[in-house]
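The next block is start_25.csv, given as CSV, C-alpha atoms.
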```csv
chain,number,residue,atom,x,y,z
A,1072,MET,CA,0.0,0.0,0.0
A,1073,ASN,CA,1.2,3.5,-0.8
A,1074,HIS,CA,0.4,6.8,1.0
A,1075,TRP,CA,-0.4,10.1,-0.6
A,1076,LEU,CA,-1.4,13.7,0.2
A,1077,VAL,CA,-3.9,15.7,-1.7
A,1078,LYS,CA,-4.5,19.4,-1.4
A,1079,SER,CA,-7.9,21.1,-1.5
A,1080,GLU,CA,-8.8,24.7,-0.9
A,1081,PRO,CA,-11.6,24.5,1.7
A,1082,PHE,CA,-13.7,27.2,0.0
A,1083,LYS,CA,-13.7,25.1,-3.2
A,1084,TYR,CA,-14.1,21.6,-1.7
A,1085,SER,CA,-13.7,21.1,2.0
A,1086,TRP,CA,-13.2,18.0,4.1
A,1087,GLU,CA,-16.6,18.5,5.6
A,1088,LYS,CA,-18.3,18.6,2.1
A,1089,PHE,CA,-16.4,15.5,1.1
A,1090,ASN,CA,-17.7,13.7,4.2
A,1091,GLN,CA,-21.2,14.8,3.5
A,1092,GLU,CA,-21.0,13.5,-0.1
A,1093,GLY,CA,-19.2,10.3,0.9
A,1094,ARG,CA,-17.2,10.0,-2.3
A,1095,THR,CA,-15.6,12.1,-5.0
A,1096,PHE,CA,-13.4,12.0,-8.0
A,1097,TRP,CA,-10.2,14.0,-7.6
A,1098,ASP,CA,-10.2,16.3,-10.6
A,1099,GLY,CA,-8.7,19.6,-11.8
A,1100,VAL,CA,-5.1,18.3,-11.8
A,1101,ARG,CA,-3.2,20.1,-14.5
A,1102,ASN,CA,0.4,19.3,-13.5
A,1103,TYR,CA,2.2,16.4,-15.1
A,1104,GLN,CA,3.9,15.3,-11.9
A,1105,ALA,CA,0.7,15.4,-9.9
A,1106,ARG,CA,-1.1,13.6,-12.8
A,1107,ASN,CA,1.6,10.8,-12.7
A,1108,ASN,CA,1.0,10.5,-8.9
A,1109,LEU,CA,-2.8,10.0,-9.6
A,1110,ARG,CA,-1.9,7.3,-12.2
A,1111,ALA,CA,0.2,5.5,-9.5
A,1112,MET,CA,-2.5,5.4,-6.9
A,1113,GLN,CA,-4.1,2.0,-6.3
A,1114,VAL,CA,-7.3,0.9,-4.7
A,1115,GLY,CA,-6.8,0.8,-0.9
A,1116,ASP,CA,-4.0,3.4,-0.8
A,1117,LEU,CA,-4.5,5.9,2.0
A,1118,VAL,CA,-4.6,9.7,1.3
A,1119,LEU,CA,-4.0,12.6,3.7
A,1120,TRP,CA,-6.4,15.5,3.0
A,1121,TYR,CA,-4.7,18.9,3.3
A,1122,HIS,CA,-6.6,22.2,3.4
A,1123,SER,CA,-4.5,24.6,1.5
A,1124,ASN,CA,-4.6,28.4,1.5
A,1125,GLU,CA,-7.2,28.5,4.4
A,1126,GLY,CA,-6.2,26.5,7.4
A,1127,LYS,CA,-3.0,25.0,5.9
A,1128,GLU,CA,-3.5,21.8,7.8
A,1129,ILE,CA,-4.0,18.1,7.3
A,1130,VAL,CA,-7.6,17.3,8.5
A,1131,GLY,CA,-8.4,13.8,7.5
A,1132,ILE,CA,-7.7,10.5,5.8
A,1133,ALA,CA,-9.3,9.2,2.7
A,1134,LYS,CA,-8.8,6.1,0.6
A,1135,VAL,CA,-8.5,5.4,-3.1
A,1136,VAL,CA,-11.6,3.4,-4.2
A,1137,LYS,CA,-11.2,3.6,-8.0
A,1138,GLU,CA,-7.9,3.9,-9.9
A,1139,ALA,CA,-7.1,6.5,-12.6
A,1140,TYR,CA,-9.5,7.1,-15.4
A,1141,GLN,CA,-10.2,9.9,-17.9
A,1142,ASP,CA,-11.0,13.2,-16.2
A,1143,PRO,CA,-14.7,13.8,-17.0
A,1144,THR,CA,-14.3,17.6,-16.7
A,1145,THR,CA,-12.1,17.7,-19.9
A,1146,ASN,CA,-11.8,16.1,-23.3
A,1147,ASP,CA,-8.0,16.3,-23.0
A,1148,THR,CA,-6.8,12.7,-22.6
A,1149,ASN,CA,-3.7,13.8,-20.7
A,1150,TRP,CA,-5.6,14.3,-17.5
A,1151,VAL,CA,-7.0,11.7,-15.1
A,1152,VAL,CA,-8.9,11.4,-11.9
A,1153,VAL,CA,-9.2,8.8,-9.1
A,1154,ASP,CA,-12.2,8.2,-6.8
A,1155,LEU,CA,-11.7,8.8,-3.1
A,1156,GLU,CA,-13.9,8.0,0.0
A,1157,PRO,CA,-13.4,9.5,3.5
A,1158,VAL,CA,-12.0,7.2,6.1
A,1159,GLN,CA,-11.8,9.4,9.2
A,1160,SER,CA,-11.3,12.9,10.4
A,1161,LEU,CA,-8.1,13.5,12.4
A,1162,LYS,CA,-8.6,14.1,16.2
A,1163,LYS,CA,-6.4,17.2,15.9
A,1164,PRO,CA,-5.5,18.8,12.5
A,1165,VAL,CA,-1.8,18.9,11.8
A,1166,THR,CA,-0.7,22.3,10.7
A,1167,LEU,CA,1.9,23.2,8.1
A,1168,GLU,CA,3.7,25.1,10.8
A,1169,GLN,CA,3.9,21.9,12.9
A,1170,ILE,CA,5.1,19.9,9.9
A,1171,LYS,CA,7.8,22.5,9.0
A,1172,ALA,CA,9.0,22.5,12.7
A,1173,ASP,CA,9.3,18.7,12.9
A,1174,GLU,CA,12.7,17.2,12.2
A,1175,GLN,CA,11.1,13.9,11.2
A,1176,LEU,CA,9.1,15.6,8.4
A,1177,LYS,CA,11.8,17.9,7.0
A,1178,ASP,CA,11.9,16.0,3.7
A,1179,ILE,CA,8.1,15.6,3.2
A,1180,GLY,CA,6.9,16.8,-0.2
A,1181,LEU,CA,4.5,19.3,1.4
A,1182,VAL,CA,7.6,21.2,2.5
A,1183,ARG,CA,9.9,20.5,-0.5
A,1184,GLN,CA,7.3,20.9,-3.3
A,1185,GLY,CA,4.8,23.2,-1.7
A,1186,ARG,CA,2.8,23.9,-4.9
A,1187,LEU,CA,2.3,20.2,-5.9
A,1188,SER,CA,-1.4,19.2,-5.4
A,1189,VAL,CA,-1.0,15.4,-5.3
A,1190,MET,CA,2.1,13.9,-3.8
A,1191,SER,CA,3.4,10.6,-2.4
A,1192,VAL,CA,4.1,10.4,1.4
A,1193,LYS,CA,6.5,7.9,2.9
A,1194,ARG,CA,4.9,5.4,5.4
A,1195,GLU,CA,7.0,6.8,8.2
A,1196,GLU,CA,5.9,10.3,7.4
A,1197,PHE,CA,2.2,9.2,7.3
A,1198,ASP,CA,2.5,7.4,10.6
A,1199,HIS,CA,4.3,10.3,12.2
A,1200,ILE,CA,1.5,12.7,11.1
A,1201,LEU,CA,-1.1,10.4,12.6
A,1202,GLN,CA,0.9,10.5,15.8
A,1203,LEU,CA,0.9,14.3,15.8
A,1204,ALA,CA,-2.8,14.2,15.2
A,1205,GLY,CA,-3.3,12.1,18.3
A,1206,GLU,CA,-4.3,9.0,16.4
```
Spit out the file's structure as structure tokens when you get a sec.
Amino acid sequence: MNHWLVKSEPFKYSWEKFNQEGRTFWDGVRNYQARNNLRAMQVGDLVLWYHSNEGKEIVGIAKVVKEAYQDPTTNDTNWVVVDLEPVQSLKKPVTLEQIKADEQLKDIGLVRQGRLSVMSVKREEFDHILQLAGE
């Protein structure tokens, strides 16, 4: 199993709305590296949900329930989506400030490639974030 992080601006699509809907396809990716990460996702992979711009914090865990397929919001075959379902909200959100200050997370993609919207996360980083969240 692989681990990932996706970013969503809460005013566009929040963790709360995702939980209400119960499932979504992850669209709007127009960066080739992020697209390649979507293509690498497999059913059952766990995904950290990060609120960008507002909040700047990891708020929940989702899972991949359908692997990459053509993005239905465009006819351009370069772009794909995956389907995600919520797993759980974190007891305590983990802020970007906490992540940047944590020596164990100094190499996480969220810090190194701050603009990338879909990124892989090492198992150790994923577990440490859950620890910080009180999970």
Which residues, written as a ChimeraX atom specification, have at least one atom at most 7 Å from Arg1106 in chain A, with all atoms listed in the file counted and residues fewer than 6 positions away on the same chain left out? /A:1100,1150-1151
Write the residues you've just listed into a file as a PDB file, in the frame of the given file, and include C-alpha atoms for each of them.
```pdb
ATOM      1  CA  VAL A1100      -5.100  18.300 -11.800  1.00  0.00           C
ATOM      2  CA  TRP A1150      -5.600  14.300 -17.500  1.00  0.00           C
ATOM      3  CA  VAL A1151      -7.000  11.700 -15.100  1.00  0.00           C
TER       4      VAL A1151
END
```
Find the residues around range 1164-1179 of chain A up to 12 Å (all atoms listed in the file counted), leave out those fewer than 4 positions away in its own chain, and share them as an mmCIF file with C-alpha atoms, keeping the file's coordinate frame.
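Contents of selection.cif, as written:
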```
data_model
loop_
_atom_site.group_PDB
_atom_site.id
_atom_site.type_symbol
_atom_site.label_atom_id
_atom_site.label_comp_id
_atom_site.auth_asym_id
_atom_site.auth_seq_id
_atom_site.Cartn_x
_atom_site.Cartn_y
_atom_site.Cartn_z
ATOM 1 C CA HIS A 1074 0.400 6.800 1.000
ATOM 2 C CA TRP A 1075 -0.400 10.100 -0.600
ATOM 3 C CA LEU A 1076 -1.400 13.700 0.200
ATOM 4 C CA TRP A 1086 -13.200 18.000 4.100
ATOM 5 C CA LEU A 1119 -4.000 12.600 3.700
ATOM 6 C CA TRP A 1120 -6.400 15.500 3.000
ATOM 7 C CA TYR A 1121 -4.700 18.900 3.300
ATOM 8 C CA HIS A 1122 -6.600 22.200 3.400
ATOM 9 C CA SER A 1123 -4.500 24.600 1.500
ATOM 10 C CA ASN A 1124 -4.600 28.400 1.500
ATOM 11 C CA GLU A 1125 -7.200 28.500 4.400
ATOM 12 C CA GLY A 1126 -6.200 26.500 7.400
ATOM 13 C CA LYS A 1127 -3.000 25.000 5.900
ATOM 14 C CA GLU A 1128 -3.500 21.800 7.800
ATOM 15 C CA ILE A 1129 -4.000 18.100 7.300
ATOM 16 C CA VAL A 1130 -7.600 17.300 8.500
ATOM 17 C CA GLY A 1131 -8.400 13.800 7.500
ATOM 18 C CA ILE A 1132 -7.700 10.500 5.800
ATOM 19 C CA GLN A 1159 -11.800 9.400 9.200
ATOM 20 C CA SER A 1160 -11.300 12.900 10.400
ATOM 21 C CA ARG A 1183 9.900 20.500 -0.500
ATOM 22 C CA GLN A 1184 7.300 20.900 -3.300
ATOM 23 C CA GLY A 1185 4.800 23.200 -1.700
ATOM 24 C CA LEU A 1187 2.300 20.200 -5.900
ATOM 25 C CA MET A 1190 2.100 13.900 -3.800
ATOM 26 C CA SER A 1191 3.400 10.600 -2.400
ATOM 27 C CA VAL A 1192 4.100 10.400 1.400
ATOM 28 C CA LYS A 1193 6.500 7.900 2.900
ATOM 29 C CA ARG A 1194 4.900 5.400 5.400
ATOM 30 C CA GLU A 1195 7.000 6.800 8.200
ATOM 31 C CA GLU A 1196 5.900 10.300 7.400
ATOM 32 C CA PHE A 1197 2.200 9.200 7.300
ATOM 33 C CA ASP A 1198 2.500 7.400 10.600
ATOM 34 C CA HIS A 1199 4.300 10.300 12.200
ATOM 35 C CA ILE A 1200 1.500 12.700 11.100
ATOM 36 C CA LEU A 1201 -1.100 10.400 12.600
ATOM 37 C CA GLN A 1202 0.900 10.500 15.800
ATOM 38 C CA LEU A 1203 0.900 14.300 15.800
ATOM 39 C CA ALA A 1204 -2.800 14.200 15.200
ATOM 40 C CA GLY A 1205 -3.300 12.100 18.300
ATOM 41 C CA GLU A 1206 -4.300 9.000 16.400
#
```
When you look at Ala1111 in chain A with a cut-off of 10 Å (counting only C-alpha atoms), what residues show up, excluding the ones that are within fewer than 6 positions of it in the same chain? I need them as an MDAnalysis selection string. chainID A and resid 1073 1105 1138:1139 1153 1191
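Residues in contact range of Asn1090 in chain A, defined as at most 9 Å between all atoms listed in the file, with sequence neighbours fewer than 3 positions away removed, read A:Ser1085, A:Trp1086, A:Glu1087, A:Gly1093, A:Arg1094, A:Glu1156, A:Pro1157, A:Val1158, A:Gln1159, A:Ser1160.
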Mind giving me the straight-line distance from CA of Gly1099 in chain A to CA of Thr1145 in chain A in Å, one decimal?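 About the pair CA of Gly1099 in chain A and CA of Thr1145 in chain A: they are 9.0 Å apart.
Computed from the coordinates, the CA of Gln1091 in chain A to CA of Gln1141 in chain A distance equals 24.6 Å.
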CA of Ala1133 in chain A to CA of Asn1102 in chain A: how many Å, to one decimal?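 Computed distance, CA of Ala1133 in chain A to CA of Asn1102 in chain A, equals 21.4 Å.
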Pick from A:Lys1078, A:Lys1083, A:Arg1186, A:Lys1137, whichever lies nearest to Val1152 in chain A using all atoms listed in the file: A:Lys1137
Kindly indicate which residue among A:Ser1079, A:Lys1134, A:Tyr1103, A:Leu1161 lies nearest to Leu1117 in chain A, using all atoms listed in the file for the distances. A:Lys1134
Pick from A:Leu1181, A:Thr1144, A:Val1077, A:Tyr1084 nearest to Leu1109 in chain A, counting only C-alpha atoms: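 For Leu1109 in chain A, the nearest of the candidates is A:Val1077.
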Could you model N, CA and C atoms for range 1078-1109 of chain A and present them as a short mmCIF file (atom, residue, chain, number, x, y, z; two decimals), in the frame of the given file?
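part.cif written:
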```
data_model
loop_
_atom_site.label_atom_id
_atom_site.label_comp_id
_atom_site.auth_asym_id
_atom_site.auth_seq_id
_atom_site.Cartn_x
_atom_site.Cartn_y
_atom_site.Cartn_z
N LYS A 1078 -4.21 18.11 -1.87
CA LYS A 1078 -4.50 19.40 -1.40
C LYS A 1078 -5.85 19.92 -1.94
N SER A 1079 -6.65 20.52 -1.08
CA SER A 1079 -7.90 21.10 -1.50
C SER A 1079 -8.10 22.43 -0.79
N GLU A 1080 -8.50 23.43 -1.54
CA GLU A 1080 -8.80 24.70 -0.90
C GLU A 1080 -10.23 24.53 -0.30
N PRO A 1081 -10.36 24.75 1.02
CA PRO A 1081 -11.60 24.50 1.70
C PRO A 1081 -12.83 25.23 1.11
N PHE A 1082 -12.60 26.42 0.57
CA PHE A 1082 -13.70 27.20 0.00
C PHE A 1082 -14.20 26.56 -1.30
N LYS A 1083 -13.34 25.76 -1.96
CA LYS A 1083 -13.70 25.10 -3.20
C LYS A 1083 -14.31 23.70 -2.91
N TYR A 1084 -13.60 22.92 -2.07
CA TYR A 1084 -14.10 21.60 -1.70
C TYR A 1084 -13.45 21.19 -0.40
N SER A 1085 -14.22 21.30 0.66
CA SER A 1085 -13.70 21.10 2.00
C SER A 1085 -13.83 19.62 2.42
N TRP A 1086 -13.09 19.29 3.45
CA TRP A 1086 -13.20 18.00 4.10
C TRP A 1086 -14.60 17.69 4.53
N GLU A 1087 -15.26 18.70 5.07
CA GLU A 1087 -16.60 18.50 5.60
C GLU A 1087 -17.58 18.20 4.41
N LYS A 1088 -17.43 18.90 3.29
CA LYS A 1088 -18.30 18.60 2.10
C LYS A 1088 -18.02 17.20 1.60
N PHE A 1089 -16.75 16.83 1.55
CA PHE A 1089 -16.40 15.50 1.10
C PHE A 1089 -17.03 14.43 1.99
N ASN A 1090 -17.03 14.63 3.30
CA ASN A 1090 -17.70 13.70 4.20
C ASN A 1090 -19.18 13.63 3.99
N GLN A 1091 -19.80 14.78 3.73
CA GLN A 1091 -21.20 14.80 3.50
C GLN A 1091 -21.57 14.01 2.20
N GLU A 1092 -20.73 14.17 1.16
CA GLU A 1092 -21.00 13.50 -0.10
C GLU A 1092 -20.58 12.02 -0.07
N GLY A 1093 -19.57 11.68 0.72
CA GLY A 1093 -19.20 10.30 0.90
C GLY A 1093 -18.27 9.71 -0.16
N ARG A 1094 -18.10 10.43 -1.25
CA ARG A 1094 -17.20 10.00 -2.30
C ARG A 1094 -17.04 11.10 -3.32
N THR A 1095 -15.86 11.15 -3.94
CA THR A 1095 -15.60 12.10 -5.00
C THR A 1095 -14.59 11.65 -5.94
N PHE A 1096 -14.57 12.23 -7.13
CA PHE A 1096 -13.40 12.00 -8.00
C PHE A 1096 -12.51 13.21 -7.87
N TRP A 1097 -11.22 12.95 -7.85
CA TRP A 1097 -10.20 14.00 -7.60
C TRP A 1097 -9.85 14.58 -8.98
N ASP A 1098 -10.41 15.75 -9.31
CA ASP A 1098 -10.20 16.30 -10.60
C ASP A 1098 -9.48 17.67 -10.54
N GLY A 1099 -9.28 18.27 -11.69
CA GLY A 1099 -8.70 19.60 -11.80
C GLY A 1099 -7.15 19.58 -11.77
N VAL A 1100 -6.53 18.40 -11.74
CA VAL A 1100 -5.10 18.30 -11.80
C VAL A 1100 -4.57 18.65 -13.15
N ARG A 1101 -3.72 19.67 -13.24
CA ARG A 1101 -3.20 20.10 -14.50
C ARG A 1101 -1.65 20.26 -14.43
N ASN A 1102 -1.05 19.38 -13.68
CA ASN A 1102 0.40 19.30 -13.50
C ASN A 1102 0.81 17.91 -13.79
N TYR A 1103 1.84 17.73 -14.63
CA TYR A 1103 2.20 16.40 -15.10
C TYR A 1103 2.70 15.50 -13.91
N GLN A 1104 3.45 16.07 -12.99
CA GLN A 1104 3.90 15.30 -11.90
C GLN A 1104 2.77 14.83 -10.98
N ALA A 1105 1.84 15.74 -10.69
CA ALA A 1105 0.70 15.40 -9.90
C ALA A 1105 -0.19 14.36 -10.65
N ARG A 1106 -0.33 14.52 -11.97
CA ARG A 1106 -1.10 13.60 -12.80
C ARG A 1106 -0.43 12.17 -12.70
N ASN A 1107 0.89 12.12 -12.78
CA ASN A 1107 1.60 10.80 -12.70
C ASN A 1107 1.36 10.20 -11.31
N ASN A 1108 1.28 11.02 -10.28
CA ASN A 1108 1.00 10.50 -8.90
C ASN A 1108 -0.43 9.91 -8.90
N LEU A 1109 -1.40 10.58 -9.54
CA LEU A 1109 -2.80 10.00 -9.60
C LEU A 1109 -2.74 8.67 -10.32
#
```
